[in-house]
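Asker: There's a structure below that I have some questions on.
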Amino acid sequence: MAYHTNKEEIVTTMARIIGGIAVSHTPTIGFAYDTQKQHDPVWEPIFKGFEPVREWFKAQKPDVLVYIFNDHVTSFFFDHYSAFSLGIDKEYAVADEGGGVRDLPPAPGHPALAQHIGASLVADEFDMSFFQDKPLDHGFFSPMSVLLERANDQWPTTVVPLQVGVLQFPIPTAARCYKLGQALRRAVESYPDDLRVAIVSTGGLSHQVHGERAGFNNVEWDQQFLDAITHDPARLAQMTHAEFAALGGMEGAEVIMWLIMRGALSGNVKKVHSSYYLPSMTGIATLVLEDQSVPTPGQVQERHRQHMATQLAGAQSLTGTYPFTHAVSLKAYRVNKFLHRMTQPAHRQHFLSDEEGAFAAAQLTVEEQDLVRRRDWRGLIHYGVSFFMLEKLGAVVGTSNLHIYAAMRGESLEEFLKTRNASVLYSVAGKDSAKAADWDKTRK
């Protein structure tokens, strides 16, 4: 794509947002699909509402879906509950929500775009969390299974999932979601590849599933919301959670996620489809908006990429320094997880009694097995293992932190200790690590 300015012509190819889709994600949709209720008069209106969306996807052929949803305390429990969690994995399996796993293939990810989006959002001061190795529940797969046709049981596109924590207060405000959408647009449009990207938001419409108000719906509000999200999203962004709950039910307040999709589009959109149906507990809606914006000049995107790179600029020139990035984390995830599990007594014992069996059970690659087997501390760092995983391995096998530091520097323990103010040896605290310690032996 060529961008023309008064001063020069910049020729570049960038990702672009082709449209935004918003759909309900009630488990009703997945249930009706799996039980083949497409022609049942009670369920048929759901599928009729989704059919134009399926046709839009078939015609537009997006390369990536940035897919915004909330988990229902399936893979994201309250022990660590984040406002915004971005998936950076290669694929996403279907979660078991208590009734078994649905018969759907994993959704393929787009790690490169996900990493770019993550870096861009953090640079724009959104405090994100990032996830791998987590299956996704009906908030993702219930509408996904109906939205896209699967030839040979394969999804026709890739996904970058964004999980929004809307079930444990405080949660992000509607205004924050709208601003996140605007930042998401900057992220996508600054990605230097010719990708057609659709933004999908799920959730709503009006419903409440807990307490004496369970079963609450508000059809009039649902219709007003569909109109406002299209034509006046900024007004919706001014609303409080309590106002959304009063009009659309407490769980219905999850429609703030639609503002992320709408914020990622320009002010100039074309509505090509909308539907609404209330069969039982939740107002089930679909909305397709095509973006009608003018392409952004290439200099703007280049400035944004420079902005993204500011914090780590120059770090690559620091000798013996290896920032632990998303790309590194994804590459070395398996071996990092294997070493992290040294915090579990049963795994420690398995490793100590049958190292090769533990390798095989974890499906470590030949290279990963060799690095761990040889306790190649420097090689593990170069491969992408976090130092704090080495520390755990050291505690298990009786190697002090100082032995590891020396090995990473290519020095003997004695040589390294001469560079310290005190010749002391230590490891992580814990009664098991102390039993294994033999500080007089160095294993490199």
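Every chain in the structure tokens has a letter given in the order shown (A, B, ...), and although residue numbers restart at 1 in each chain, ligands are simply numbered from 1 in the order shown.
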Residues of range 57-145 of chain A that approach range 165-183 of chain A to 8 Å or less, counting only C-alpha atoms: could you list each one with the shortest pair of atoms and its distance in Å to one decimal, rows by chain and increasing residue number, as a tab-separated table?

Answerer:
```
residue	atom	partner	partner_atom	distance
A:Asn70	CA	A:Gly165	CA	6.2
A:Asp71	CA	A:Gly165	CA	7.5
A:His72	CA	A:Leu167	CA	7.8
A:Phe78	CA	A:Gln168	CA	7.9
A:Tyr81	CA	A:Gly165	CA	6.7
A:Ser82	CA	A:Gly165	CA	5.8
A:Ala83	CA	A:Gly165	CA	4.6
A:Phe84	CA	A:Gly165	CA	6.4
A:Ser85	CA	A:Gly165	CA	8.0
A:Ser120	CA	A:Ala183	CA	7.8
A:Leu121	CA	A:Ala183	CA	6.4
A:Asp124	CA	A:Ala183	CA	7.0
A:Phe126	CA	A:Leu180	CA	7.6
```

Asker: Quick one: residues within 6 Å of Leu65 in chain A, only C-alpha atoms, excluding same-chain residues fewer than 2 positions away - as a list in words?

Answerer: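 Here the qualifying residues turn out to be Tyr67, Val159, Val197, Ala198 and Ile199 of chain A.
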
Asker: I'd like the contact shell of Tyr92 in chain A - 8 Å cut-off, only C-alpha atoms, skipping same-chain residues fewer than 6 positions apart - returned as a list of chain:residue names.

Answerer: A:Pro106, A:Ala107, A:Pro108, A:Gly109, A:Asp133, A:Lys134, A:Pro135, A:Leu136

Asker: Could you pull out the residues in range 79-193 of chain A that DSSP calls helix (DSSP H, G or I) from the backbone, as a PyMOL selection string?

Answerer: chain A and resi 111-123+138-147+174-189

Asker: Mind dumping the selected residues with N, CA and C atoms as a CSV table (one decimal), in the first residue's frame?

Answerer:
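So selection.csv came out as:
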```csv
chain,number,residue,atom,x,y,z
A,111,PRO,N,0.9,-15.8,17.0
A,111,PRO,CA,1.8,-15.3,18.0
A,111,PRO,C,2.5,-14.0,17.6
A,112,ALA,N,2.9,-13.8,16.4
A,112,ALA,CA,3.7,-12.6,16.0
A,112,ALA,C,2.8,-11.4,16.2
A,113,LEU,N,1.6,-11.4,15.7
A,113,LEU,CA,0.7,-10.2,15.8
A,113,LEU,C,0.4,-10.0,17.3
A,114,ALA,N,0.1,-11.1,18.0
A,114,ALA,CA,-0.2,-11.0,19.5
A,114,ALA,C,0.9,-10.3,20.2
A,115,GLN,N,2.2,-10.7,19.9
A,115,GLN,CA,3.3,-10.1,20.6
A,115,GLN,C,3.4,-8.6,20.3
A,116,HIS,N,3.1,-8.3,19.0
A,116,HIS,CA,3.2,-6.9,18.6
A,116,HIS,C,2.1,-6.1,19.4
A,117,ILE,N,0.9,-6.6,19.4
A,117,ILE,CA,-0.2,-6.0,20.1
A,117,ILE,C,0.1,-5.8,21.6
A,118,GLY,N,0.6,-6.8,22.2
A,118,GLY,CA,1.0,-6.7,23.6
A,118,GLY,C,2.0,-5.6,23.9
A,119,ALA,N,3.0,-5.6,23.0
A,119,ALA,CA,4.0,-4.6,23.2
A,119,ALA,C,3.5,-3.2,23.0
A,120,SER,N,2.6,-3.0,22.0
A,120,SER,CA,2.0,-1.7,21.7
A,120,SER,C,1.1,-1.3,22.9
A,121,LEU,N,0.2,-2.2,23.4
A,121,LEU,CA,-0.7,-1.8,24.5
A,121,LEU,C,0.1,-1.4,25.7
A,122,VAL,N,1.1,-2.2,26.1
A,122,VAL,CA,1.9,-1.8,27.2
A,122,VAL,C,2.6,-0.5,27.0
A,123,ALA,N,3.1,-0.2,25.8
A,123,ALA,CA,3.8,1.1,25.5
A,123,ALA,C,2.8,2.2,25.6
A,138,HIS,N,-16.8,-21.2,26.9
A,138,HIS,CA,-17.9,-20.8,26.0
A,138,HIS,C,-17.9,-19.3,25.6
A,139,GLY,N,-17.2,-18.5,26.5
A,139,GLY,CA,-17.1,-17.1,26.1
A,139,GLY,C,-16.4,-16.9,24.8
A,140,PHE,N,-15.5,-17.8,24.5
A,140,PHE,CA,-14.8,-17.8,23.2
A,140,PHE,C,-15.5,-18.7,22.2
A,141,PHE,N,-15.6,-20.0,22.5
A,141,PHE,CA,-16.0,-21.0,21.5
A,141,PHE,C,-17.5,-21.1,21.3
A,142,SER,N,-18.4,-20.6,22.1
A,142,SER,CA,-19.8,-20.8,21.9
A,142,SER,C,-20.2,-20.0,20.6
A,143,PRO,N,-19.8,-18.8,20.4
A,143,PRO,CA,-20.1,-18.1,19.1
A,143,PRO,C,-19.2,-18.5,18.0
A,144,MET,N,-17.9,-18.8,18.4
A,144,MET,CA,-16.9,-19.2,17.4
A,144,MET,C,-17.4,-20.4,16.5
A,145,SER,N,-18.0,-21.3,17.2
A,145,SER,CA,-18.4,-22.6,16.5
A,145,SER,C,-19.5,-22.3,15.5
A,146,VAL,N,-20.2,-21.2,15.7
A,146,VAL,CA,-21.3,-20.9,14.7
A,146,VAL,C,-20.9,-19.9,13.7
A,147,LEU,N,-19.9,-19.0,14.0
A,147,LEU,CA,-19.5,-17.9,13.2
A,147,LEU,C,-18.8,-18.4,11.9
A,174,ALA,N,-16.2,1.3,31.4
A,174,ALA,CA,-16.6,1.3,30.0
A,174,ALA,C,-15.7,2.3,29.2
A,175,ALA,N,-15.3,3.4,29.8
A,175,ALA,CA,-14.4,4.3,29.2
A,175,ALA,C,-13.0,3.7,28.9
A,176,ARG,N,-12.5,2.9,29.9
A,176,ARG,CA,-11.2,2.2,29.7
A,176,ARG,C,-11.3,1.2,28.6
A,177,CYS,N,-12.4,0.5,28.5
A,177,CYS,CA,-12.5,-0.4,27.4
A,177,CYS,C,-12.5,0.3,26.0
A,178,TYR,N,-13.2,1.4,26.0
A,178,TYR,CA,-13.3,2.2,24.7
A,178,TYR,C,-11.9,2.7,24.4
A,179,LYS,N,-11.1,3.2,25.3
A,179,LYS,CA,-9.8,3.6,25.1
A,179,LYS,C,-8.8,2.5,24.7
A,180,LEU,N,-9.1,1.3,25.3
A,180,LEU,CA,-8.3,0.1,24.9
A,180,LEU,C,-8.5,-0.2,23.4
A,181,GLY,N,-9.8,-0.1,23.0
A,181,GLY,CA,-10.1,-0.3,21.6
A,181,GLY,C,-9.3,0.6,20.7
A,182,GLN,N,-9.2,1.9,21.1
A,182,GLN,CA,-8.5,2.9,20.3
A,182,GLN,C,-7.0,2.5,20.2
A,183,ALA,N,-6.5,2.1,21.4
A,183,ALA,CA,-5.1,1.6,21.4
A,183,ALA,C,-4.9,0.4,20.6
A,184,LEU,N,-5.9,-0.5,20.6
A,184,LEU,CA,-5.8,-1.7,19.8
A,184,LEU,C,-5.7,-1.4,18.3
A,185,ARG,N,-6.4,-0.3,17.9
A,185,ARG,CA,-6.3,0.1,16.5
A,185,ARG,C,-4.9,0.5,16.1
A,186,ARG,N,-4.3,1.3,17.0
A,186,ARG,CA,-2.9,1.7,16.7
A,186,ARG,C,-2.0,0.5,16.6
A,187,ALA,N,-2.2,-0.5,17.5
A,187,ALA,CA,-1.4,-1.7,17.5
A,187,ALA,C,-1.5,-2.4,16.2
A,188,VAL,N,-2.7,-2.7,15.8
A,188,VAL,CA,-3.0,-3.5,14.6
A,188,VAL,C,-2.4,-2.8,13.4
A,189,GLU,N,-2.7,-1.5,13.2
A,189,GLU,CA,-2.4,-0.8,12.0
A,189,GLU,C,-0.9,-0.5,11.9
```

Asker: Could you check the closest approach to Phe31 in chain A for each of A:Trp377, A:Met250, A:Gly99, A:Val73 and tell me which residue wins, using only C-alpha atoms?

Answerer: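 The closest residue to Phe31 in chain A is A:Gly99.
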
Asker: As JSON, numbers by chain, please: all residues of range 232-341 of chain A that backbone DSSP puts in strand (DSSP E).

Answerer: {"A": [269, 270, 271, 272, 273, 274, 275, 276, 277, 284, 285, 286, 287, 288, 289, 290, 291]}

Asker: Restricting it to N, CA and C atoms, dump the selection as a CSV table (one decimal), in the first residue's frame.

Answerer:
```
chain,number,residue,atom,x,y,z
A,269,VAL,N,-18.4,4.2,10.2
A,269,VAL,CA,-18.6,2.7,10.0
A,269,VAL,C,-19.9,2.5,9.2
A,270,LYS,N,-20.0,1.4,8.6
A,270,LYS,CA,-21.2,1.0,7.9
A,270,LYS,C,-21.8,-0.2,8.5
A,271,LYS,N,-23.1,-0.2,9.0
A,271,LYS,CA,-23.7,-1.3,9.5
A,271,LYS,C,-24.3,-2.2,8.4
A,272,VAL,N,-23.8,-3.4,8.3
A,272,VAL,CA,-24.2,-4.3,7.3
A,272,VAL,C,-25.1,-5.4,7.8
A,273,HIS,N,-25.2,-5.6,9.1
A,273,HIS,CA,-26.1,-6.6,9.6
A,273,HIS,C,-26.3,-6.4,11.1
A,274,SER,N,-27.5,-6.7,11.6
A,274,SER,CA,-27.8,-6.7,13.0
A,274,SER,C,-29.0,-7.6,13.2
A,275,SER,N,-29.0,-8.4,14.4
A,275,SER,CA,-30.1,-9.2,14.7
A,275,SER,C,-30.3,-9.3,16.2
A,276,TYR,N,-31.5,-9.7,16.6
A,276,TYR,CA,-31.7,-9.8,18.1
A,276,TYR,C,-32.8,-10.9,18.3
A,277,TYR,N,-32.6,-11.7,19.3
A,277,TYR,CA,-33.6,-12.8,19.7
A,277,TYR,C,-33.5,-13.1,21.1
A,284,ILE,N,-29.9,-12.5,22.7
A,284,ILE,CA,-28.8,-12.9,21.8
A,284,ILE,C,-28.8,-12.0,20.6
A,285,ALA,N,-27.7,-11.4,20.4
A,285,ALA,CA,-27.6,-10.3,19.3
A,285,ALA,C,-26.4,-10.6,18.4
A,286,THR,N,-26.4,-10.1,17.2
A,286,THR,CA,-25.3,-10.0,16.3
A,286,THR,C,-25.2,-8.6,15.7
A,287,LEU,N,-24.0,-8.2,15.4
A,287,LEU,CA,-23.8,-6.9,14.8
A,287,LEU,C,-22.5,-7.0,13.9
A,288,VAL,N,-22.6,-6.5,12.7
A,288,VAL,CA,-21.5,-6.4,11.8
A,288,VAL,C,-21.3,-5.0,11.3
A,289,LEU,N,-20.1,-4.4,11.6
A,289,LEU,CA,-19.8,-3.1,11.2
A,289,LEU,C,-18.6,-3.1,10.3
A,290,GLU,N,-18.6,-2.5,9.1
A,290,GLU,CA,-17.5,-2.4,8.3
A,290,GLU,C,-16.8,-1.0,8.5
A,291,ASP,N,-15.5,-1.1,8.6
A,291,ASP,CA,-14.8,0.2,8.8
A,291,ASP,C,-14.6,0.9,7.5
```

Asker: From the set A:Asn421, A:Thr325, A:Asn218, A:Thr230, which residue has the shortest atom-to-atom contact distance to Gly204 in chain A, counting only C-alpha atoms?

Answerer: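 Once distances to Gly204 in chain A are computed over only C-alpha atoms, the minimum belongs to A:Asn218.
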
Asker: Within 8 Å of Ser386 in chain A, counting only C-alpha atoms, which residues show up once you throw out same-chain ones fewer than 5 positions away? Write them as a PyMOL selection string, please.

Answerer: chain A and resi 324+336+381

Asker: Smallest atom-to-atom distance to Thr343 in chain A: which of A:Asp193, A:Ala395, A:Val385, A:Gly357, using only C-alpha atoms?

Answerer: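 Checking each candidate against Thr343 in chain A, we get A:Ala395 as the closest.
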
Asker: I want to know what sits within 8 Å of Met257 in chain A, based on only C-alpha atoms, with residues of the same chain fewer than 4 positions away left out; could you give that as a ChimeraX atom specification?

Answerer: /A:68-69,164,174,177,201-203,261

Asker: Quick one, how far is CA of Phe130 in chain A from CA of Pro161 in chain A?

Answerer: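 Interatomic distance, CA of Phe130 in chain A to CA of Pro161 in chain A: 10.2 Å.
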
Asker: Which distance in Å separates CA of Ala429 in chain A and CA of Lys392 in chain A, to one decimal?

Answerer: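 We find that CA of Ala429 in chain A and CA of Lys392 in chain A lie 10.4 Å from each other.
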
Asker: In Å, with one decimal, what is the gap from CA of Gln299 in chain A to CA of Gly19 in chain A?

Answerer: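 Rounded to one decimal, the two atoms are 23.3 Å apart.
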
Asker: Skip range 206-208 of chain A itself and residues of its chain fewer than 3 positions away, then list as a count of residues only all residues within 12 Å of it, counting only C-alpha atoms.

Answerer: 43

Asker: Which residues are close to Asp370 in chain A, i.e. within 12 Å by only C-alpha atoms, leaving aside same-chain residues fewer than 5 positions away? Reply as a list of chain:residue names.

Answerer: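 Surrounding residues, per the criterion: A:Val335, A:Glu355, A:Glu356, A:Phe359, A:Leu364, A:Thr365, A:Arg375, A:Asp376, A:Trp377, A:Gly379, A:Leu380, A:Tyr383.
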
Asker: Find, counting only C-alpha atoms, the residue in A:Phe77, A:Tyr333, A:Tyr322, A:Tyr426 that gets nearest to Arg378 in chain A.

Answerer: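 Checking each of A:Phe77, A:Tyr333, A:Tyr322, A:Tyr426 against Arg378 in chain A, counting only C-alpha atoms, the winner is A:Tyr322.
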
Asker: For each of A:Lys337, A:Val23, A:Ser190, A:Leu330, take the minimum atom-to-atom distance to Pro295 in chain A, counting only C-alpha atoms, then give the residue where this is smallest.

Answerer: A:Ser190
